[in-house]
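Structure file data04.pdb with PDB, C-alpha atoms:
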ATOM      1  CA  MET A 242     -12.715 -23.744  58.231
ATOM      2  CA  ASN A 243     -10.934 -20.390  58.089
ATOM      3  CA  LYS A 244      -7.948 -21.999  56.377
ATOM      4  CA  LYS A 245     -10.202 -23.434  53.659
ATOM      5  CA  LYS A 246     -11.775 -20.007  52.942
ATOM      6  CA  GLY A 247      -8.273 -18.528  52.660
ATOM      7  CA  ASN A 248      -7.330 -21.141  50.068
ATOM      8  CA  ILE A 249     -10.373 -20.328  47.951
ATOM      9  CA  LEU A 250      -9.492 -16.603  47.968
ATOM     10  CA  VAL A 251      -5.881 -17.248  46.946
ATOM     11  CA  GLY A 252      -7.132 -19.501  44.143
ATOM     12  CA  ASN A 253      -9.434 -16.780  42.878
ATOM     13  CA  VAL A 254      -6.707 -14.145  42.979
ATOM     14  CA  VAL A 255      -4.322 -16.418  41.088
ATOM     15  CA  TYR A 256      -7.062 -17.114  38.551
ATOM     16  CA  ILE A 257      -7.790 -13.388  38.031
ATOM     17  CA  VAL A 258      -4.074 -12.593  37.739
ATOM     18  CA  LEU A 259      -3.636 -15.334  35.135
ATOM     19  CA  VAL A 260      -6.632 -14.086  33.125
ATOM     20  CA  LEU A 261      -5.319 -10.508  33.248
ATOM     21  CA  ALA A 262      -1.827 -11.689  32.241
ATOM     22  CA  PHE A 263      -3.337 -13.661  29.362
ATOM     23  CA  PHE A 264      -5.217 -10.653  28.002
ATOM     24  CA  ALA A 265      -2.230  -8.346  28.604
ATOM     25  CA  ILE A 266       0.000 -10.645  26.545
ATOM     26  CA  LEU A 267      -2.587 -10.758  23.762
ATOM     27  CA  PHE A 268      -2.902  -6.952  23.824
ATOM     28  CA  ILE A 269       0.897  -6.488  23.695
ATOM     29  CA  PHE A 270       1.125  -8.941  20.794
ATOM     30  CA  ILE A 271      -1.568  -7.081  18.807
ATOM     31  CA  ALA A 272      -0.020  -3.669  19.603
ATOM     32  CA  ASN A 273       3.444  -4.869  18.525
ATOM     33  CA  LYS A 274       2.160  -6.467  15.363
ATOM     34  CA  SER A 275       0.123  -3.419  14.321
ATOM     35  CA  SER A 276       3.057  -1.022  14.769
ATOM     36  CA  ALA A 277       5.705  -3.326  13.282
ATOM     37  CA  THR A 278       8.582  -1.546  11.587
ATOM     38  CA  SER A 279       8.080  -3.357   8.284
ATOM     39  CA  LEU A 280       4.431  -2.298   8.143
ATOM     40  CA  VAL A 281       5.353   1.353   8.785
ATOM     41  CA  GLU A 282       8.061   1.203   6.098
ATOM     42  CA  GLU A 283       5.642  -0.221   3.541
ATOM     43  CA  ARG A 284       2.884   2.253   4.379
ATOM     44  CA  THR A 285       5.222   5.274   4.228
ATOM     45  CA  ALA A 286       6.928   4.229   0.972
ATOM     46  CA  LYS A 287       3.585   3.690  -0.781
ATOM     47  CA  GLN A 288       2.134   6.905   0.632
ATOM     48  CA  VAL A 289       5.084   9.021  -0.573
ATOM     49  CA  ALA A 290       5.177   7.284  -3.989
ATOM     50  CA  LEU A 291       1.456   7.919  -4.560
ATOM     51  CA  MET A 292       1.839  11.547  -3.481
ATOM     52  CA  ILE A 293       4.621  12.037  -6.037
ATOM     53  CA  ASP A 294       2.526  10.268  -8.702
ATOM     54  CA  SER A 295      -0.390  12.622  -8.211
ATOM     55  CA  ALA A 296       1.672  15.833  -7.923
ATOM     56  CA  GLU A 297       1.996  18.398 -10.700
ATOM     57  CA  PRO A 298       5.381  20.084 -11.322
ATOM     58  CA  GLY A 299       5.721  23.113  -9.044
ATOM     59  CA  THR A 300       3.964  21.405  -6.139
ATOM     60  CA  ARG A 301       5.348  21.425  -2.606
ATOM     61  CA  ILE A 302       4.070  18.699  -0.261
ATOM     62  CA  THR A 303       4.701  18.526   3.483
ATOM     63  CA  LEU A 304       4.095  15.276   5.326
ATOM     64  CA  ASN A 305       4.183  14.758   9.088
ATOM     65  CA  LEU A 306       6.609  11.893   9.706
ATOM     66  CA  ASN A 307       6.924  12.119  13.493
ATOM     67  CA  SER A 308       5.160   8.805  14.135
ATOM     68  CA  VAL A 309       7.357   7.122  11.483
ATOM     69  CA  LEU A 310      10.621   8.591  12.792
ATOM     70  CA  ASP A 311       9.732   7.452  16.324
ATOM     71  CA  LYS A 312       9.946   3.858  15.055
ATOM     72  CA  ARG A 313      13.465   4.190  13.668
ATOM     73  CA  GLU A 314      16.297   2.194  15.135
ATOM     74  CA  GLU A 315      18.471   3.942  17.699
ATOM     75  CA  GLY A 316      21.412   5.623  16.004
ATOM     76  CA  ARG A 317      19.780   5.769  12.556
ATOM     77  CA  GLU A 318      20.062   9.244  11.045
ATOM     78  CA  VAL A 319      16.833  10.988  10.054
ATOM     79  CA  ASP A 320      18.241  11.642   6.548
ATOM     80  CA  ASP A 321      18.734   7.897   6.023
ATOM     81  CA  VAL A 322      15.107   7.009   6.739
ATOM     82  CA  ILE A 323      13.684   8.117   3.369
ATOM     83  CA  ILE A 324      15.724   8.100   0.176
ATOM     84  CA  ILE A 325      14.175   9.160  -3.147
ATOM     85  CA  THR A 326      16.313   8.373  -6.196
ATOM     86  CA  ASP A 327      15.412   7.890  -9.875
ATOM     87  CA  ASN A 328      11.781   6.786  -9.627
ATOM     88  CA  PHE A 329      11.997   4.958  -6.287
ATOM     89  CA  VAL A 330      11.046   5.723  -2.722
ATOM     90  CA  ARG A 331      13.051   3.713  -0.216
ATOM     91  CA  VAL A 332      12.085   3.721   3.465
ATOM     92  CA  GLN A 333      14.423   2.121   5.994
ATOM     93  CA  LEU A 334      13.878   2.325   9.735
ATOM     94  CA  SER A 335      16.316  -0.379  10.822
ATOM     95  CA  ASP A 336      19.281  -2.313   9.454
ATOM     96  CA  LYS A 337      17.134  -5.451   9.215
ATOM     97  CA  SER A 338      14.464  -4.247   6.811
ATOM     98  CA  PHE A 339      13.592  -1.667   4.159
ATOM     99  CA  TYR A 340      10.833  -1.111   1.618
ATOM    100  CA  VAL A 341      11.093   0.205  -1.947
ATOM    101  CA  TYR A 342       8.175   1.365  -4.088
ATOM    102  CA  SER A 343       8.348   3.036  -7.476
ATOM    103  CA  PHE A 344       6.487   6.036  -8.851
ATOM    104  CA  PHE A 345       5.640   6.614 -12.524
ATOM    105  CA  ASN A 346       5.526  10.417 -12.592
ATOM    106  CA  ASN A 347       8.608  11.605 -14.516
ATOM    107  CA  VAL A 348       9.465  14.594 -12.318
ATOM    108  CA  LYS A 349      12.497  15.837 -10.415
ATOM    109  CA  VAL A 350      11.937  15.439  -6.701
ATOM    110  CA  SER A 351      13.984  17.288  -4.093
ATOM    111  CA  TYR A 352      13.226  16.568  -0.469
ATOM    112  CA  LYS A 353      14.312  17.235   3.084
ATOM    113  CA  ILE A 354      13.263  16.075   6.535
ATOM    114  CA  GLU A 355      13.183  18.831   9.137
ATOM    115  CA  GLY A 356      11.542  18.862  12.544
ATOM    116  CA  GLY A 357       9.800  15.567  11.833
ATOM    117  CA  PHE A 358       8.260  16.840   8.571
ATOM    118  CA  LEU A 359       9.119  15.601   5.083
ATOM    119  CA  THR A 360       8.988  18.341   2.459
ATOM    120  CA  LEU A 361       8.816  17.286  -1.187
ATOM    121  CA  ASP A 362       9.449  19.773  -3.976
ATOM    122  CA  ILE A 363       8.201  18.495  -7.312
ATOM    123  CA  ARG A 364       9.776  20.075 -10.416
TER     124      ARG A 364
ATOM    125  CA  MET B  66     -13.864 -35.238  46.731
ATOM    126  CA  ASN B  67     -16.185 -35.037  43.742
ATOM    127  CA  LYS B  68     -16.277 -31.245  43.972
ATOM    128  CA  LYS B  69     -12.468 -31.104  43.790
ATOM    129  CA  GLY B  70     -12.569 -33.331  40.729
ATOM    130  CA  ASP B  71     -15.167 -31.087  39.121
ATOM    131  CA  GLU B  72     -12.970 -28.017  39.760
ATOM    132  CA  ARG B  73     -10.015 -29.724  38.110
ATOM    133  CA  VAL B  74     -12.125 -30.572  35.046
ATOM    134  CA  LEU B  75     -13.365 -26.960  34.999
ATOM    135  CA  SER B  76      -9.771 -25.616  35.201
ATOM    136  CA  LEU B  77      -8.742 -27.853  32.354
ATOM    137  CA  TYR B  78     -11.765 -26.670  30.392
ATOM    138  CA  TRP B  79     -10.783 -23.006  31.003
ATOM    139  CA  PHE B  80      -7.178 -23.727  30.038
ATOM    140  CA  VAL B  81      -8.226 -25.386  26.770
ATOM    141  CA  MET B  82     -10.583 -22.478  26.064
ATOM    142  CA  PHE B  83      -7.798 -19.907  26.605
ATOM    143  CA  VAL B  84      -5.492 -21.859  24.318
ATOM    144  CA  ILE B  85      -8.163 -21.951  21.589
ATOM    145  CA  ILE B  86      -8.855 -18.201  21.979
ATOM    146  CA  SER B  87      -5.113 -17.433  21.889
ATOM    147  CA  ILE B  88      -4.586 -19.454  18.715
ATOM    148  CA  GLY B  89      -7.586 -17.756  17.105
ATOM    149  CA  VAL B  90      -6.555 -14.204  18.029
ATOM    150  CA  VAL B  91      -2.854 -14.716  17.200
ATOM    151  CA  SER B  92      -3.544 -16.298  13.812
ATOM    152  CA  GLY B  93      -6.206 -13.670  12.993
ATOM    153  CA  VAL B  94      -3.884 -10.782  13.857
ATOM    154  CA  TYR B  95      -0.986 -12.440  12.044
ATOM    155  CA  LEU B  96      -3.051 -12.984   8.883
ATOM    156  CA  PHE B  97      -4.475  -9.450   8.976
ATOM    157  CA  PHE B  98      -1.138  -7.684   9.407
ATOM    158  CA  SER B  99       0.816  -9.944   7.061
ATOM    159  CA  ASN B 100      -1.441  -8.774   4.224
ATOM    160  CA  GLN B 101       0.166  -6.017   2.217
ATOM    161  CA  ILE B 102      -1.436  -2.641   1.652
ATOM    162  CA  ASP B 103      -2.977  -2.799  -1.814
ATOM    163  CA  VAL B 104      -2.565   0.571  -3.539
ATOM    164  CA  ARG B 105      -2.906  -0.650  -7.127
ATOM    165  CA  GLY B 106      -6.441   0.706  -7.531
ATOM    166  CA  ALA B 107      -5.318   4.176  -6.424
ATOM    167  CA  GLU B 108      -2.191   3.929  -8.570
ATOM    168  CA  ALA B 109      -4.157   2.937 -11.682
ATOM    169  CA  SER B 110      -6.663   5.740 -11.075
ATOM    170  CA  ILE B 111      -3.904   8.362 -10.683
ATOM    171  CA  LEU B 112      -2.206   7.073 -13.840
ATOM    172  CA  GLY B 113      -5.504   7.322 -15.737
ATOM    173  CA  ASP B 114      -5.994  10.919 -14.521
ATOM    174  CA  ARG B 115      -2.438  11.778 -15.535
ATOM    175  CA  ILE B 116      -3.032  10.483 -19.082
ATOM    176  CA  VAL B 117      -6.259  12.496 -19.304
ATOM    177  CA  GLY B 118      -4.333  15.561 -18.065
ATOM    178  CA  CYS B 119      -1.691  14.912 -20.710
ATOM    179  CA  LEU B 120      -4.075  14.641 -23.670
ATOM    180  CA  VAL B 121      -6.760  17.075 -22.580
ATOM    181  CA  GLN B 122      -5.713  20.685 -22.023
ATOM    182  CA  ASN B 123      -8.168  23.346 -20.829
ATOM    183  CA  GLY B 124     -10.994  20.867 -21.398
ATOM    184  CA  ILE B 125     -10.160  20.355 -25.082
ATOM    185  CA  LEU B 126      -8.576  17.259 -26.579
ATOM    186  CA  ASN B 127      -5.100  18.017 -27.917
ATOM    187  CA  GLU B 128      -5.553  16.328 -31.288
ATOM    188  CA  LYS B 129      -2.081  17.259 -32.513
ATOM    189  CA  LEU B 130      -0.489  15.514 -29.522
ATOM    190  CA  LEU B 131      -2.838  12.556 -29.912
ATOM    191  CA  GLU B 132      -1.878  12.266 -33.584
ATOM    192  CA  GLU B 133       1.846  12.250 -32.770
ATOM    193  CA  MET B 134       1.453   9.799 -29.926
ATOM    194  CA  ASN B 135       2.134   6.082 -30.221
ATOM    195  CA  SER B 136       3.241   3.272 -27.935
ATOM    196  CA  ASP B 137       6.923   4.158 -28.449
ATOM    197  CA  ASN B 138       6.809   7.856 -27.514
ATOM    198  CA  PHE B 139       3.889   7.725 -25.070
ATOM    199  CA  GLU B 140       6.066   7.813 -21.915
ATOM    200  CA  GLU B 141       8.107  10.750 -23.162
ATOM    201  CA  LYS B 142       5.081  12.788 -24.344
ATOM    202  CA  CYS B 143       3.145  12.265 -21.092
ATOM    203  CA  ARG B 144       6.191  12.542 -18.800
ATOM    204  CA  LEU B 145       5.838   9.031 -17.388
ATOM    205  CA  ILE B 146       8.284   6.312 -16.367
ATOM    206  CA  LEU B 147       6.591   2.937 -16.642
ATOM    207  CA  LYS B 148       9.769   0.967 -16.040
ATOM    208  CA  ASP B 149       9.797  -0.482 -12.535
ATOM    209  CA  ASP B 150      13.017  -1.981 -11.172
ATOM    210  CA  SER B 151      11.991  -2.000  -7.518
ATOM    211  CA  LEU B 152      11.929  -5.820  -7.520
ATOM    212  CA  GLU B 153      14.155  -8.242  -9.410
ATOM    213  CA  ALA B 154      11.046  -9.950 -10.819
ATOM    214  CA  TYR B 155       9.840  -6.676 -12.360
ATOM    215  CA  LYS B 156      12.991  -5.936 -14.345
ATOM    216  CA  ASP B 157      12.049  -7.993 -17.399
ATOM    217  CA  LYS B 158       8.290  -7.597 -17.237
ATOM    218  CA  SER B 159       6.172  -4.466 -17.514
ATOM    219  CA  GLN B 160       3.840  -3.960 -14.559
ATOM    220  CA  PHE B 161       1.416  -1.701 -16.448
ATOM    221  CA  TYR B 162      -0.970  -1.934 -19.349
ATOM    222  CA  ILE B 163      -2.521   1.233 -20.796
ATOM    223  CA  GLU B 164      -5.021   1.340 -23.606
ATOM    224  CA  VAL B 165      -6.134   4.709 -24.977
ATOM    225  CA  ASN B 166      -9.035   5.120 -27.374
ATOM    226  CA  ALA B 167      -9.741   8.742 -28.216
ATOM    227  CA  ASP B 168     -11.489  10.303 -31.204
ATOM    228  CA  GLY B 169     -11.038   7.135 -33.244
ATOM    229  CA  LYS B 170      -7.343   6.766 -32.511
ATOM    230  CA  GLU B 171      -6.262   3.766 -30.487
ATOM    231  CA  PHE B 172      -2.938   2.695 -29.025
ATOM    232  CA  ALA B 173      -1.721   0.477 -26.205
ATOM    233  CA  VAL B 174       1.379   0.427 -24.006
ATOM    234  CA  GLY B 175       2.686  -2.291 -21.692
ATOM    235  CA  ASP B 176       1.791  -5.943 -21.228
ATOM    236  CA  GLY B 177      -1.388  -6.698 -23.196
ATOM    237  CA  SER B 178      -1.957  -9.982 -21.341
ATOM    238  CA  PHE B 179      -3.232  -8.015 -18.304
ATOM    239  CA  LYS B 180      -6.390  -7.050 -20.202
ATOM    240  CA  ALA B 181      -7.774 -10.570 -19.917
ATOM    241  CA  PHE B 182      -7.867 -10.198 -16.116
ATOM    242  CA  CYS B 183      -9.937  -7.012 -16.128
ATOM    243  CA  GLY B 184     -13.311  -7.515 -14.481
ATOM    244  CA  GLN B 185     -12.098 -10.612 -12.627
ATOM    245  CA  GLU B 186     -10.729  -8.755  -9.564
ATOM    246  CA  GLU B 187     -13.557  -9.966  -7.329
ATOM    247  CA  SER B 188     -12.538 -13.608  -7.740
ATOM    248  CA  LYS B 189      -8.795 -13.358  -7.067
ATOM    249  CA  ARG B 190      -6.367 -10.912  -5.491
ATOM    250  CA  ASN B 191      -3.160 -11.996  -7.221
ATOM    251  CA  ILE B 192      -4.109 -10.626 -10.626
ATOM    252  CA  PRO B 193      -3.727  -7.126 -12.115
ATOM    253  CA  ILE B 194      -6.150  -4.412 -10.989
ATOM    254  CA  CYS B 195      -7.903  -2.496 -13.776
ATOM    255  CA  VAL B 196      -9.405   0.967 -13.871
ATOM    256  CA  ASP B 197     -11.527   1.988 -16.836
ATOM    257  CA  LYS B 198     -12.291   5.660 -17.433
ATOM    258  CA  ILE B 199     -14.830   6.777 -20.020
ATOM    259  CA  LEU B 200     -15.055  10.531 -20.607
ATOM    260  CA  ILE B 201     -16.904  12.725 -23.057
ATOM    261  CA  ILE B 202     -14.721  15.648 -24.079
ATOM    262  CA  LEU B 203     -14.651  18.413 -26.662
ATOM    263  CA  ASN B 204     -12.299  18.222 -29.608
ATOM    264  CA  GLU B 205     -10.830  21.273 -31.363
ATOM    265  CA  ASP B 206     -13.926  21.487 -33.611
ATOM    266  CA  ASN B 207     -16.179  21.808 -30.530
ATOM    267  CA  GLU B 208     -17.611  18.324 -31.030
ATOM    268  CA  PHE B 209     -18.147  15.896 -28.188
ATOM    269  CA  LYS B 210     -15.949  12.805 -28.489
ATOM    270  CA  GLU B 211     -15.664   9.677 -26.371
ATOM    271  CA  PHE B 212     -12.350   9.254 -24.598
ATOM    272  CA  ASN B 213     -11.691   5.811 -23.182
ATOM    273  CA  ILE B 214      -8.709   4.802 -21.048
ATOM    274  CA  LEU B 215      -8.045   1.399 -19.564
ATOM    275  CA  VAL B 216      -5.218   1.137 -17.025
ATOM    276  CA  ALA B 217      -4.110  -2.166 -15.493
ATOM    277  CA  VAL B 218      -1.479  -2.378 -12.754
ATOM    278  CA  ARG B 219       0.032  -5.733 -11.814
ATOM    279  CA  LYS B 220       2.597  -5.331  -8.980
ATOM    280  CA  VAL B 221       1.128  -8.435  -7.311
ATOM    281  CA  GLU B 222       4.264  -9.175  -5.253
ATOM    282  CA  GLN B 223       4.195  -5.734  -3.620
ATOM    283  CA  ASN B 224       0.455  -5.476  -3.056
ATOM    284  CA  ALA B 225      -1.363  -8.768  -2.908
ATOM    285  CA  ILE B 226       0.783 -11.633  -1.610
TER     286      ILE B 226
END
Representation of the structure as structure tokens:
Amino acid sequence: MNKKKGNILVGNVVYIVLVLAFFAILFIFIANKSSATSLVEERTAKQVALMIDSAEPGTRITLNLNSVLDKREEGREVDDVIIITDNFVRVQLSDKSFYVYSFFNNVKVSYKIEGGFLTLDIR
Amino acid sequence: MNKKGDERVLSLYWFVMFVIISIGVVSGVYLFFSNQIDVRGAEASILGDRIVGCLVQNGILNEKLLEEMNSDNFEEKCRLILKDDSLEAYKDKSQFYIEVNADGKEFAVGDGSFKAFCGQEESKRNIPICVDKILIILNEDNEFKEFNILVAVRKVEQNAI
């Protein structure tokens, strides 16, 4: 009788553990997918390009990039994460992927990344 | 004996239910995050504002600039670069269409075929996005004039697929 009760308890525990594992795996999958490197690259490139598009000459823009830089591949230099040349913004967080988006505002853009902040000087 | 059989059927039922939920959640998340961020509406609106800022200074239409402007010198006069080489597919095809109608003068820049898609954005995503701005502004003779700008941005590959 006692043995039977013990079996039921073990079964329930296993069942609860499996359910928790199932939801944990789903949660990890969603978290990974929502913070995927490629998504961050695309979002940052478009954000910077639109900021340049809407800026008047003489504007200085500072953007907090800490959450973006945290996603970069180990060993990747901060200066290589964002490259602005001609009328393109290129964001690359790993060797496997990068994202390029263009801006239409014909301005000279100088930029630097310091302390996790991107500073854009529009001239 | 029957109870054990019922439990097995119930376990199988739970297993099948978990599999169905997993497939649903995984495919939903995958579809949601594989969609690109569509910034064409914002881009077209900023471009429209920039053209207004180019032709209207201190609230008055710059008629001299408008008179000099045509589709060939538009980019230079308004300090714009409409050439987009960010994708191989964009190199031969303009991704913008701009139509300006101010004080009776009209000119257009870019791919005119995009105009046919304007107003159809609700039905499909993989077509250009249009922004139409209608303003009433003063000309140099202090008369109110209608200023109409239509901006269409394609960039489907980077925003809608």
May I have the residues within 12 Å of segment 336-343 of chain A as a CSV table (one decimal) with C-alpha atoms, keeping the file's coordinate frame, using all atoms listed in the file and disregarding those fewer than 6 positions away in the same chain?
chain,number,residue,atom,x,y,z
A,277,ALA,CA,5.7,-3.3,13.3
A,278,THR,CA,8.6,-1.5,11.6
A,279,SER,CA,8.1,-3.4,8.3
A,280,LEU,CA,4.4,-2.3,8.1
A,281,VAL,CA,5.4,1.4,8.8
A,282,GLU,CA,8.1,1.2,6.1
A,283,GLU,CA,5.6,-0.2,3.5
A,284,ARG,CA,2.9,2.3,4.4
A,285,THR,CA,5.2,5.3,4.2
A,286,ALA,CA,6.9,4.2,1.0
A,287,LYS,CA,3.6,3.7,-0.8
A,288,GLN,CA,2.1,6.9,0.6
A,289,VAL,CA,5.1,9.0,-0.6
A,290,ALA,CA,5.2,7.3,-4.0
A,291,LEU,CA,1.5,7.9,-4.6
A,292,MET,CA,1.8,11.5,-3.5
A,293,ILE,CA,4.6,12.0,-6.0
A,294,ASP,CA,2.5,10.3,-8.7
A,313,ARG,CA,13.5,4.2,13.7
A,314,GLU,CA,16.3,2.2,15.1
A,315,GLU,CA,18.5,3.9,17.7
A,316,GLY,CA,21.4,5.6,16.0
A,317,ARG,CA,19.8,5.8,12.6
A,318,GLU,CA,20.1,9.2,11.0
A,321,ASP,CA,18.7,7.9,6.0
A,322,VAL,CA,15.1,7.0,6.7
A,323,ILE,CA,13.7,8.1,3.4
A,324,ILE,CA,15.7,8.1,0.2
A,325,ILE,CA,14.2,9.2,-3.1
A,326,THR,CA,16.3,8.4,-6.2
A,327,ASP,CA,15.4,7.9,-9.9
A,328,ASN,CA,11.8,6.8,-9.6
A,329,PHE,CA,12.0,5.0,-6.3
A,330,VAL,CA,11.0,5.7,-2.7
B,101,GLN,CA,0.2,-6.0,2.2
B,102,ILE,CA,-1.4,-2.6,1.7
B,104,VAL,CA,-2.6,0.6,-3.5
B,105,ARG,CA,-2.9,-0.6,-7.1
B,108,GLU,CA,-2.2,3.9,-8.6
B,145,LEU,CA,5.8,9.0,-17.4
B,146,ILE,CA,8.3,6.3,-16.4
B,147,LEU,CA,6.6,2.9,-16.6
B,148,LYS,CA,9.8,1.0,-16.0
B,149,ASP,CA,9.8,-0.5,-12.5
B,150,ASP,CA,13.0,-2.0,-11.2
B,151,SER,CA,12.0,-2.0,-7.5
B,152,LEU,CA,11.9,-5.8,-7.5
B,153,GLU,CA,14.2,-8.2,-9.4
B,155,TYR,CA,9.8,-6.7,-12.4
B,160,GLN,CA,3.8,-4.0,-14.6
B,220,LYS,CA,2.6,-5.3,-9.0
B,222,GLU,CA,4.3,-9.2,-5.3
B,223,GLN,CA,4.2,-5.7,-3.6
B,224,ASN,CA,0.5,-5.5,-3.1
Item checked: Nearby residues (only C-alpha atoms) at most 9 Å from Ile163 of chain B, same-chain spacing under 2 positions excluded, as JSON, numbers by chain -> {"B": [113, 161, 165, 172, 173, 174, 175, 176, 177, 214, 215, 216, 217, 218]}
Next item on the list: Starting from the shown file, work through the PyMOL selection byres ((chain A) within 6 of (chain B)) and note down what comes out as a ChimeraX atom specification.
Entry: /A:345-347
Notebook entry, point to check: Interatomic distance between atom CA of Ile354 of chain A and atom CA of Ser275 of chain A?
Noted result: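 So the answer is 24.8 Å.
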Can you translate the PyMOL selection byres ((chain A and resi 297-302) around 7) into the concrete residues it hits in this file, as a PDB file with C-alpha atoms, keeping the file's coordinate frame?
ATOM      1  CA  SER A 295      -0.390  12.622  -8.211  1.00  0.00           C
ATOM      2  CA  ALA A 296       1.672  15.833  -7.923  1.00  0.00           C
ATOM      3  CA  THR A 303       4.701  18.526   3.483  1.00  0.00           C
ATOM      4  CA  LEU A 304       4.095  15.276   5.326  1.00  0.00           C
ATOM      5  CA  VAL A 348       9.465  14.594 -12.318  1.00  0.00           C
ATOM      6  CA  THR A 360       8.988  18.341   2.459  1.00  0.00           C
ATOM      7  CA  LEU A 361       8.816  17.286  -1.187  1.00  0.00           C
ATOM      8  CA  ASP A 362       9.449  19.773  -3.976  1.00  0.00           C
ATOM      9  CA  ILE A 363       8.201  18.495  -7.312  1.00  0.00           C
ATOM     10  CA  ARG A 364       9.776  20.075 -10.416  1.00  0.00           C
TER      11      ARG A 364
END
Listed atoms of segment 152-163 of chain B boxed along x, y and z, 4 Å each side, centre and edge lengths in Å, one decimal, as AutoDock Vina command-line options:
--center_x 5.8 --center_y -4.4 --center_z -14.2 --size_x 24.7 --size_y 19.2 --size_z 21.3
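Separating atom CA of Asn207 of chain B from atom CA of Asn135 of chain B is a distance of 24.1 Å.
The gap separating atom CA of Lys170 of chain B from atom CA of Asn127 of chain B is 12.4 Å, in Å to one decimal.
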Item checked: Selection: 7 Å around segment 190-203 of chain B, all atoms listed in the file, excl. self and same-chain fewer than 5 positions, as a ChimeraX atom specification -> /B:105-106,109-110,124-126,179,182-183,208-219,221,225-226
Check: Within 8 Å of (3.6, 16.4, 9.6), all atoms listed in the file: residues as a VMD selection string?
Finding: chain A and resid 303 to 307 357 to 359
Note to self: I need the residue nearest Ala167 of chain B from this list: B:Asp206, B:Glu187, B:Lys142, B:Val117. Use all atoms listed in the file for the distance.
What the structure shows: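 Between B:Asp206, B:Glu187, B:Lys142, B:Val117, the residue approaching Ala167 of chain B most closely is B:Val117.
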Check: From the set B:Lys189, B:Ser92, B:Trp79, B:Glu164, which residue has the shortest atom-to-atom contact distance to Ser136 of chain B, counting all atoms listed in the file?
Finding: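 Going through B:Lys189, B:Ser92, B:Trp79, B:Glu164 one by one, the smallest distance to Ser136 of chain B is for B:Glu164.
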